[in-house]
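Engineer: Below is coords_13.txt; it holds compact mmCIF, C-alpha atoms.
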```
# COMPACT_ATOMS: atom_id res chain seq x y z
CA MET A 1 -57.12 146.02 160.43
CA ALA A 2 -60.49 147.75 160.54
CA VAL A 3 -60.57 151.53 160.35
CA ASP A 4 -61.69 153.13 163.62
CA THR A 5 -64.22 155.44 162.01
CA GLU A 6 -65.74 156.50 165.33
CA ALA A 7 -62.38 157.66 166.72
CA ILE A 8 -61.52 159.49 163.50
CA GLY A 9 -64.86 161.30 163.61
CA LYS A 10 -64.26 162.27 167.25
CA VAL A 11 -60.91 163.85 166.36
CA HIS A 12 -62.35 165.77 163.40
CA ARG A 13 -65.32 166.95 165.44
CA ALA A 14 -63.09 168.06 168.34
CA LEU A 15 -60.69 170.00 166.13
CA PHE A 16 -62.86 171.64 163.51
CA PRO A 17 -65.92 173.82 164.14
CA GLU A 18 -66.78 173.30 160.45
CA TYR A 19 -67.07 169.53 160.98
CA GLY A 20 -69.50 167.84 158.59
CA PRO A 21 -69.60 166.07 155.21
CA THR A 22 -68.61 167.78 151.98
CA PRO A 23 -71.11 167.92 149.10
CA LEU A 24 -71.67 165.10 146.63
CA VAL A 25 -72.79 167.02 143.57
CA SER A 26 -74.87 165.39 140.84
CA LEU A 27 -73.90 166.57 137.35
CA PRO A 28 -76.26 165.16 134.70
CA ALA A 29 -74.51 167.09 131.93
CA LEU A 30 -71.31 165.16 132.57
CA ALA A 31 -73.18 161.86 132.69
CA LYS A 32 -74.56 162.63 129.24
CA GLU A 33 -71.09 163.56 127.99
CA LEU A 34 -69.45 160.40 129.38
CA GLY A 35 -72.30 158.15 128.22
CA CYS A 36 -73.08 156.78 131.68
CA LYS A 37 -76.10 156.78 133.99
CA GLU A 38 -74.94 159.30 136.60
CA VAL A 39 -71.89 161.38 137.53
CA TYR A 40 -71.25 162.79 140.98
CA VAL A 41 -68.41 165.00 142.17
CA LYS A 42 -67.25 164.62 145.74
CA ASP A 43 -66.32 168.25 146.28
CA GLU A 44 -63.43 168.68 148.73
CA SER A 45 -62.90 172.36 147.89
CA GLU A 46 -64.24 173.33 151.33
CA ARG A 47 -63.23 170.68 153.84
CA TYR A 48 -63.45 171.85 157.45
CA GLY A 49 -62.73 175.42 156.36
CA LEU A 50 -59.77 174.48 154.16
CA PRO A 51 -59.61 174.26 150.36
CA ALA A 52 -58.45 170.63 150.14
CA PHE A 53 -58.89 167.15 151.57
CA LYS A 54 -55.51 166.56 153.23
CA VAL A 55 -56.58 167.76 156.66
CA LEU A 56 -58.62 164.54 156.97
CA GLY A 57 -55.49 162.43 157.15
CA ALA A 58 -53.10 164.92 158.72
CA SER A 59 -55.36 165.60 161.69
CA TRP A 60 -55.98 161.92 162.48
CA GLY A 61 -52.33 160.98 161.92
CA LEU A 62 -50.93 163.74 164.12
CA CYS A 63 -53.52 163.38 166.90
CA ARG A 64 -53.10 159.60 166.95
CA LEU A 65 -49.32 160.05 167.15
CA LEU A 66 -49.58 162.57 169.99
CA GLY A 67 -52.19 160.50 171.78
CA GLU A 68 -49.82 157.55 171.87
CA ARG A 69 -46.90 159.78 172.88
CA TYR A 70 -48.78 161.19 175.87
CA GLY A 71 -51.00 158.24 176.76
CA VAL A 72 -54.28 160.08 176.13
CA GLU A 73 -57.15 159.62 173.70
CA PRO A 74 -56.42 161.24 170.32
CA TRP A 75 -59.64 163.26 170.48
CA ASP A 76 -58.79 164.72 173.90
CA ILE A 77 -57.49 167.91 172.33
CA ALA A 78 -57.26 169.82 175.64
CA ALA A 79 -55.04 167.13 177.13
CA ILE A 80 -52.85 166.99 174.03
CA LYS A 81 -52.43 170.78 173.93
CA GLY A 82 -51.54 170.80 177.61
CA ARG A 83 -48.83 168.20 177.11
CA VAL A 84 -47.53 169.95 173.99
CA LYS A 85 -46.94 173.08 176.08
CA SER A 86 -44.59 171.08 178.27
CA GLU A 87 -42.39 170.39 175.23
CA PRO A 88 -41.75 173.86 173.80
CA LYS A 89 -39.03 172.62 171.43
CA LEU A 90 -41.19 169.92 169.85
CA GLY A 91 -42.08 170.50 166.20
CA VAL A 92 -43.78 168.73 163.30
CA TYR A 93 -41.79 168.04 160.14
CA THR A 94 -43.28 167.04 156.81
CA ALA A 95 -43.42 167.46 153.05
CA THR A 96 -47.22 167.41 153.08
CA ASP A 97 -49.69 169.87 154.60
CA VAL A 98 -50.24 169.53 158.35
CA ALA A 99 -50.07 173.26 159.03
CA ARG A 100 -53.65 173.84 160.22
CA THR A 101 -53.69 170.84 162.55
CA ALA A 102 -50.30 171.69 164.03
CA LYS A 103 -51.45 175.27 164.59
CA LEU A 104 -54.63 174.15 166.36
CA LEU A 105 -52.57 171.94 168.65
CA GLY A 106 -50.00 174.63 169.42
CA LEU A 107 -47.14 172.93 167.57
CA PRO A 108 -44.69 174.65 165.21
CA ALA A 109 -44.65 173.05 161.77
CA PHE A 110 -41.77 172.90 159.31
CA ILE A 111 -42.94 172.05 155.82
CA TYR A 112 -40.50 171.19 153.05
CA VAL A 113 -41.60 171.64 149.44
CA PRO A 114 -39.91 170.71 146.15
CA SER A 115 -38.49 173.18 143.67
CA THR A 116 -41.46 172.90 141.31
CA VAL A 117 -43.97 174.32 143.84
CA GLU A 118 -45.10 177.84 142.93
CA GLN A 119 -44.95 180.82 145.26
CA TRP A 120 -48.74 181.13 145.62
CA SER A 121 -48.82 177.61 147.05
CA ILE A 122 -45.97 178.37 149.44
CA ASP A 123 -47.73 181.56 150.57
CA ALA A 124 -50.97 179.66 151.20
CA ILE A 125 -49.21 177.10 153.40
CA ALA A 126 -47.22 179.77 155.23
CA SER A 127 -50.40 181.72 155.97
CA GLU A 128 -51.14 179.09 158.64
CA GLY A 129 -48.13 180.32 160.60
CA CYS A 130 -45.73 177.51 159.74
CA GLU A 131 -42.24 177.69 158.31
CA VAL A 132 -42.01 176.63 154.66
CA LYS A 133 -38.64 175.56 153.28
CA LYS A 134 -38.22 175.19 149.53
CA VAL A 135 -35.55 172.68 148.52
CA GLU A 136 -33.97 172.36 145.09
CA ARG A 137 -35.11 168.78 144.80
CA ASP A 138 -38.19 166.79 143.80
CA TYR A 139 -40.94 165.61 146.16
CA ASP A 140 -38.95 162.57 147.26
CA GLY A 141 -36.07 164.91 148.02
CA ALA A 142 -38.35 167.22 150.01
CA ILE A 143 -39.43 164.27 152.16
CA ALA A 144 -35.79 163.32 152.71
CA ALA A 145 -34.93 166.90 153.73
CA ALA A 146 -37.86 167.00 156.17
CA LEU A 147 -36.81 163.68 157.70
CA GLU A 148 -33.22 164.81 158.08
CA ALA A 149 -34.31 168.01 159.84
CA CYS A 150 -36.78 166.09 162.00
CA ASN A 151 -34.14 163.62 163.17
CA ALA A 152 -31.70 166.42 163.93
CA ALA A 153 -34.29 168.30 166.00
CA GLY A 154 -35.90 165.29 167.67
CA GLY A 155 -39.26 166.28 166.20
CA LEU A 156 -42.32 164.45 164.92
CA MET A 157 -42.43 163.26 161.32
CA VAL A 158 -45.95 163.27 159.87
CA GLN A 159 -45.91 162.05 156.28
CA ASP A 160 -48.19 160.05 154.00
CA MET A 161 -45.23 158.24 152.44
CA SER A 162 -43.99 155.07 154.15
CA TRP A 163 -40.54 153.51 154.34
CA GLU A 164 -38.91 150.74 156.36
CA GLY A 165 -39.47 151.47 160.03
CA TYR A 166 -42.00 154.21 159.30
CA GLU A 167 -45.38 152.64 158.63
CA ASP A 168 -47.82 153.62 161.39
CA VAL A 169 -48.34 157.32 160.66
CA PRO A 170 -48.79 156.87 156.89
CA ALA A 171 -51.35 154.13 157.59
CA TRP A 172 -53.23 156.41 160.00
CA ILE A 173 -53.27 159.18 157.41
CA VAL A 174 -54.79 156.76 154.88
CA ASP A 175 -57.43 155.82 157.45
CA GLY A 176 -58.33 159.49 157.85
CA TYR A 177 -58.78 159.81 154.09
CA THR A 178 -61.40 157.04 154.04
CA THR A 179 -63.81 159.64 155.46
CA ILE A 180 -64.34 160.79 151.86
CA CYS A 181 -65.38 157.31 150.77
CA ARG A 182 -67.73 156.72 153.69
CA GLU A 183 -69.49 160.00 153.07
CA ALA A 184 -69.89 159.33 149.35
CA ALA A 185 -71.09 155.75 149.85
CA SER A 186 -73.73 156.91 152.32
CA GLU A 187 -75.37 158.84 149.47
CA VAL A 188 -74.81 156.82 146.31
CA LYS A 189 -73.85 153.33 145.18
CA ALA A 190 -70.96 153.92 142.78
CA THR A 191 -69.86 151.51 140.08
CA GLY A 192 -66.81 153.61 139.23
CA VAL A 193 -64.62 155.96 141.28
CA VAL A 194 -61.97 158.24 139.81
CA VAL A 195 -59.22 159.36 142.20
CA PRO A 196 -56.19 161.63 141.70
CA VAL A 197 -52.80 160.13 142.53
CA GLY A 198 -49.70 161.79 143.97
CA VAL A 199 -47.89 159.26 146.16
CA GLY A 200 -51.08 157.20 146.10
CA SER A 201 -52.18 157.42 149.73
CA LEU A 202 -55.62 158.81 148.93
CA ALA A 203 -55.93 156.20 146.18
CA HIS A 204 -54.96 153.60 148.78
CA ALA A 205 -57.82 154.74 151.01
CA VAL A 206 -60.20 154.53 148.05
CA ALA A 207 -58.88 151.09 147.04
CA LYS A 208 -59.29 149.73 150.56
CA PHE A 209 -62.86 151.04 150.75
CA TYR A 210 -64.06 150.21 147.23
CA GLY A 211 -62.06 147.00 146.78
CA PRO A 212 -63.86 143.80 145.70
CA GLU A 213 -63.86 142.33 149.21
CA GLY A 214 -66.23 144.99 150.53
CA PRO A 215 -69.93 145.77 150.01
CA ASP A 216 -69.19 148.99 148.12
CA HIS A 217 -67.04 147.44 145.38
CA ALA A 218 -66.46 149.73 142.40
CA ARG A 219 -64.05 149.99 139.49
CA LEU A 220 -61.17 152.33 140.28
CA VAL A 221 -59.65 154.78 137.79
CA SER A 222 -56.61 156.87 138.70
CA ALA A 223 -55.60 160.29 137.40
CA GLU A 224 -51.96 161.43 137.22
CA PRO A 225 -50.13 164.30 135.52
CA GLU A 226 -47.79 163.74 132.61
CA ALA A 227 -45.02 165.20 134.78
CA ALA A 228 -45.16 162.35 137.31
CA PRO A 229 -47.11 159.24 136.22
CA CYS A 230 -45.46 156.99 138.81
CA LEU A 231 -48.48 154.72 139.33
CA ALA A 232 -49.23 154.30 135.63
CA GLU A 233 -45.59 153.43 134.91
CA SER A 234 -45.46 151.06 137.88
CA LEU A 235 -48.61 149.22 136.85
CA LYS A 236 -47.30 148.95 133.31
CA ALA A 237 -43.99 147.51 134.57
CA GLY A 238 -45.59 145.27 137.18
CA LYS A 239 -43.33 146.71 139.87
CA PRO A 240 -42.74 150.10 141.55
CA VAL A 241 -41.11 152.60 139.20
CA SER A 242 -39.94 156.05 140.28
CA ILE A 243 -40.06 159.12 138.04
CA THR A 244 -36.62 160.61 138.67
CA GLU A 245 -36.78 163.71 136.45
CA SER A 246 -38.77 166.49 138.09
CA SER A 247 -40.76 168.83 135.84
CA PHE A 248 -43.40 171.51 136.30
CA THR A 249 -47.15 170.83 136.26
CA ILE A 250 -50.17 172.92 137.20
CA MET A 251 -51.11 169.95 139.41
CA PRO A 252 -48.46 170.40 142.15
CA GLY A 253 -50.24 168.15 144.64
CA LEU A 254 -49.90 165.26 142.18
CA ASN A 255 -46.29 165.95 141.21
CA CYS A 256 -44.82 162.98 143.08
CA GLY A 257 -42.29 160.59 141.59
CA THR A 258 -42.73 157.49 143.76
CA VAL A 259 -45.76 155.45 144.83
CA ASN A 260 -46.11 154.99 148.58
CA PRO A 261 -44.68 151.47 149.19
CA GLN A 262 -47.45 150.79 151.70
CA ALA A 263 -50.08 151.59 149.06
CA TRP A 264 -48.51 149.76 146.14
CA PRO A 265 -49.79 146.18 146.78
CA ASP A 266 -53.43 147.27 146.97
CA LEU A 267 -53.13 149.70 144.06
CA GLN A 268 -51.61 146.98 141.91
CA ARG A 269 -54.37 144.58 142.97
CA TYR A 270 -57.32 146.91 142.40
CA ILE A 271 -56.39 149.27 139.54
CA ARG A 272 -55.96 147.83 136.06
CA PRO A 273 -53.07 149.28 134.00
CA GLN A 274 -55.57 150.55 131.41
CA ASP A 275 -57.43 152.41 134.17
CA ALA A 276 -54.32 154.33 135.25
CA VAL A 277 -54.97 157.46 133.21
CA VAL A 278 -52.39 160.17 132.57
CA VAL A 279 -53.58 163.72 131.81
CA ASN A 280 -51.77 166.81 130.64
CA ASP A 281 -51.99 170.33 132.00
CA ASN A 282 -54.34 171.55 129.28
CA GLU A 283 -56.77 168.71 129.93
CA ALA A 284 -56.75 169.48 133.66
CA LEU A 285 -57.26 173.20 133.04
CA THR A 286 -60.19 172.54 130.72
CA ALA A 287 -61.74 170.15 133.24
CA ALA A 288 -61.33 172.71 136.03
CA SER A 289 -63.00 175.39 133.94
CA ASP A 290 -65.85 173.05 133.03
CA LEU A 291 -66.44 172.04 136.65
CA GLN A 292 -66.39 175.67 137.77
CA ALA A 293 -69.03 176.46 135.13
CA LEU A 294 -71.15 173.68 136.67
CA GLY A 295 -70.81 175.12 140.17
CA VAL A 296 -67.89 173.05 141.51
CA ASN A 297 -64.96 175.22 142.61
CA ALA A 298 -62.33 172.80 141.32
CA GLY A 299 -58.60 173.41 141.03
CA PRO A 300 -56.44 171.49 138.53
CA CYS A 301 -55.54 168.66 140.94
CA GLY A 302 -59.18 168.05 141.79
CA ALA A 303 -60.31 168.43 138.19
CA ALA A 304 -57.76 165.86 137.03
CA THR A 305 -60.38 163.23 137.79
CA LEU A 306 -62.78 164.67 135.21
CA ALA A 307 -59.93 164.87 132.70
CA ALA A 308 -59.18 161.20 133.37
CA ALA A 309 -62.85 160.18 133.23
CA ARG A 310 -63.05 161.73 129.77
CA LYS A 311 -60.28 159.39 128.59
CA ALA A 312 -61.79 156.25 130.16
CA GLU A 313 -64.60 154.06 128.80
CA TRP A 314 -67.88 153.83 130.68
CA LYS A 315 -71.02 151.70 130.41
CA ALA A 316 -74.51 153.12 130.06
CA ASN A 317 -75.48 151.98 133.56
CA ASP A 318 -72.35 153.25 135.33
CA VAL A 319 -72.63 155.54 138.34
CA VAL A 320 -69.34 157.43 138.49
CA VAL A 321 -67.93 159.38 141.43
CA LEU A 322 -65.15 161.88 140.71
CA ILE A 323 -63.12 162.84 143.78
CA CYS A 324 -62.30 166.53 143.49
CA THR A 325 -59.57 166.94 146.06
CA GLU A 326 -59.03 170.68 146.05
CA GLY A 327 -60.59 174.01 145.21
CA LYS A 328 -59.45 176.77 142.90
CA GLN A 329 -56.58 178.69 144.50
```
Let me see whether you can do it: turn the structure in this file into structure tokens.
Structural biologist:
Amino acid sequence: MAVDTEAIGKVHRALFPEYGPTPLVSLPALAKELGCKEVYVKDESERYGLPAFKVLGASWGLCRLLGERYGVEPWDIAAIKGRVKSEPKLGVYTATDVARTAKLLGLPAFIYVPSTVEQWSIDAIASEGCEVKKVERDYDGAIAAALEACNAAGGLMVQDMSWEGYEDVPAWIVDGYTTICREAASEVKATGVVVPVGVGSLAHAVAKFYGPEGPDHARLVSAEPEAAPCLAESLKAGKPVSITESSFTIMPGLNCGTVNPQAWPDLQRYIRPQDAVVVNDNEALTAASDLQALGVNAGPCGAATLAAARKAEWKANDVVVLICTEGKQ
């Protein structure tokens, strides 16, 4: 099904005064280092006033869900807020970050995070006025805890991970993420795109946009932390593989043990096993420092793409886009 780019843009424009594309930064020094023609960084460190990309999917997913609930257009924010007021006990439950969107719509948000998430990250999420609950489990366990609480409260589950009977919202979130790809493709014709992978929903958006069936076809390279290389292990095995032992990484947004089932078929189709790159914390830290020195305010999750690009092979005529998903915290 085609992505409704016009409707997504209407929602983003209606919600965020800072609406507009993020920078695509040309970095000739990195092109020289990687031995390719050009390197660009799609810098998501300042997306609609927030230091990461996730609001693109969360806002479209939640507004689309509420629009269908109330029978109004998802970009009719005044109508949605009016109807939300009539349901004072309604809340949003998730293990991802929907805090800003929920706040703008007047909804309480309950965000569940795994045990490996550091306090600074919890404080940043809580600063949006939501309730953050840390569970002594991994990311999959945090999703399960959020779902359990949501079902008990009769709330709204907004998550970028799919499961049987829960496919629409994750698909809408992926559609929201394609904004990054459309913006980048409007400026440069990439031959290679490097994307960080947690559950793989952003990578799914990138795969759908840059897949071989479309006009913007490019080679896809994924970047994952050593702590949770679920996509790399799955591609190697030829089937979904979960990482069941949770461990710490400085890339908390990528510390996910299971690939989104909805994303898996396209990721398996479009990413070669040898292009599923695993990076360690030191490599991500070095890449973040290097990007900051070049004027890109990258955090470790966003800089993982440079760390991965450094471990991949490139041709002299390649034009490479690194998706930097978050800023330095």
Engineer: Can you tell me which residues surround Trp264 (chain A) at a distance of at most 9 Å, considering all atoms listed in the file, apart from same-chain residues fewer than 4 positions away, and format the answer as a ChimeraX atom specification?
Structural biologist: /A:200,204,231,234,239-240,259-260,268-269
Engineer: Which residue out of A:Gly82, A:Pro114, A:Pro17, A:Gly192 has the minimum interatomic distance to Lys37 (chain A) when all atoms listed in the file are used?
Structural biologist: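 For Lys37 (chain A), the nearest of the candidates is A:Gly192.
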Engineer: List the neighbours of Ala145 (chain A) out to 12 Å using all atoms listed in the file; skip same-chain residues closer than 5 positions along the sequence, and give me the result as a list in words.
Structural biologist: Tyr93, Thr94, Ala95, Phe110, Ile111, Tyr112, Val113, Pro114, Lys133, Lys134, Val135, Glu136, Arg137, Asp138, Tyr139, Asp140, Cys150, Asn151, Ala152 and Met157 of chain A
Engineer: Provide the CA of Tyr210 (chain A) to CA of Ala99 (chain A) distance in Å, to one decimal place.
Structural biologist: 29.4 Å
Engineer: Could you give me, as a PyMOL selection string, the residues that sit within 6 Å of (-40.4, 159.0, 136.6) in the file's coordinates, counting all atoms listed in the file?
Structural biologist: chain A and resi 228+230+242-245+257
Engineer: So how many Å separate CA of Val320 (chain A) and CA of Pro261 (chain A), to one decimal?
Structural biologist: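 For CA of Val320 (chain A) relative to CA of Pro261 (chain A), the distance reads 27.5 Å.
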Engineer: List the spatial neighbours of Ile80 (chain A) as an NGL selection string - criterion: any atom at most 10 Å away, all atoms listed in the file, same-chain residues fewer than 2 positions off excluded.
Structural biologist: :A and (63 or 66-67 or 69-78 or 82-85 or 105-106)
Engineer: Pick out the residues sitting within 12 Å of Gly211 (chain A), and hand them over as an NGL selection string; count all atoms listed in the file, and ignore anything fewer than 2 positions along from it in its own chain.
Structural biologist: :A and (181 or 190-193 or 203-209 or 213-220 or 266-271)
Engineer: Mind writing the picked residues with C-alpha atoms as a PDB file, in the frame of the given file?
Structural biologist:
```
ATOM      1  CA  CYS A 181     -65.380 157.310 150.770  1.00  0.00           C
ATOM      2  CA  ALA A 190     -70.960 153.920 142.780  1.00  0.00           C
ATOM      3  CA  THR A 191     -69.860 151.510 140.080  1.00  0.00           C
ATOM      4  CA  GLY A 192     -66.810 153.610 139.230  1.00  0.00           C
ATOM      5  CA  VAL A 193     -64.620 155.960 141.280  1.00  0.00           C
ATOM      6  CA  ALA A 203     -55.930 156.200 146.180  1.00  0.00           C
ATOM      7  CA  HIS A 204     -54.960 153.600 148.780  1.00  0.00           C
ATOM      8  CA  ALA A 205     -57.820 154.740 151.010  1.00  0.00           C
ATOM      9  CA  VAL A 206     -60.200 154.530 148.050  1.00  0.00           C
ATOM     10  CA  ALA A 207     -58.880 151.090 147.040  1.00  0.00           C
ATOM     11  CA  LYS A 208     -59.290 149.730 150.560  1.00  0.00           C
ATOM     12  CA  PHE A 209     -62.860 151.040 150.750  1.00  0.00           C
ATOM     13  CA  GLU A 213     -63.860 142.330 149.210  1.00  0.00           C
ATOM     14  CA  GLY A 214     -66.230 144.990 150.530  1.00  0.00           C
ATOM     15  CA  PRO A 215     -69.930 145.770 150.010  1.00  0.00           C
ATOM     16  CA  ASP A 216     -69.190 148.990 148.120  1.00  0.00           C
ATOM     17  CA  HIS A 217     -67.040 147.440 145.380  1.00  0.00           C
ATOM     18  CA  ALA A 218     -66.460 149.730 142.400  1.00  0.00           C
ATOM     19  CA  ARG A 219     -64.050 149.990 139.490  1.00  0.00           C
ATOM     20  CA  LEU A 220     -61.170 152.330 140.280  1.00  0.00           C
ATOM     21  CA  ASP A 266     -53.430 147.270 146.970  1.00  0.00           C
ATOM     22  CA  LEU A 267     -53.130 149.700 144.060  1.00  0.00           C
ATOM     23  CA  GLN A 268     -51.610 146.980 141.910  1.00  0.00           C
ATOM     24  CA  ARG A 269     -54.370 144.580 142.970  1.00  0.00           C
ATOM     25  CA  TYR A 270     -57.320 146.910 142.400  1.00  0.00           C
ATOM     26  CA  ILE A 271     -56.390 149.270 139.540  1.00  0.00           C
TER      27      ILE A 271
END
```
Engineer: Which is closest to Gly176 (chain A) among A:Gly57, A:Pro225, A:Pro23, A:Gly327, if we use only C-alpha atoms?
Structural biologist: A:Gly57
Engineer: Applying 12 Å and all atoms listed in the file, which residues near region 172-175 of chain A remain after dropping the ones on its own chain fewer than 3 positions away? List them as a PyMOL selection string.
Structural biologist: chain A and resi 1-9+53-65+74+96-98+158-162+166-169+178-182+199-209+260+262-263
Engineer: Report, in Å to a single decimal, how far apart CA of Arg47 (chain A) and CA of Asn297 (chain A) are.
Structural biologist: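 Separation of CA of Asn297 (chain A) and CA of Arg47 (chain A): 12.2 Å.
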Engineer: For a quick check of understanding, using all atoms listed in the file, which of A:Val92, A:Ala298, A:Ala237, A:Val117 has the smallest distance to Ser45 (chain A)?
Structural biologist: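 Comparing A:Val92, A:Ala298, A:Ala237, A:Val117 against Ser45 (chain A), the winner is A:Ala298.
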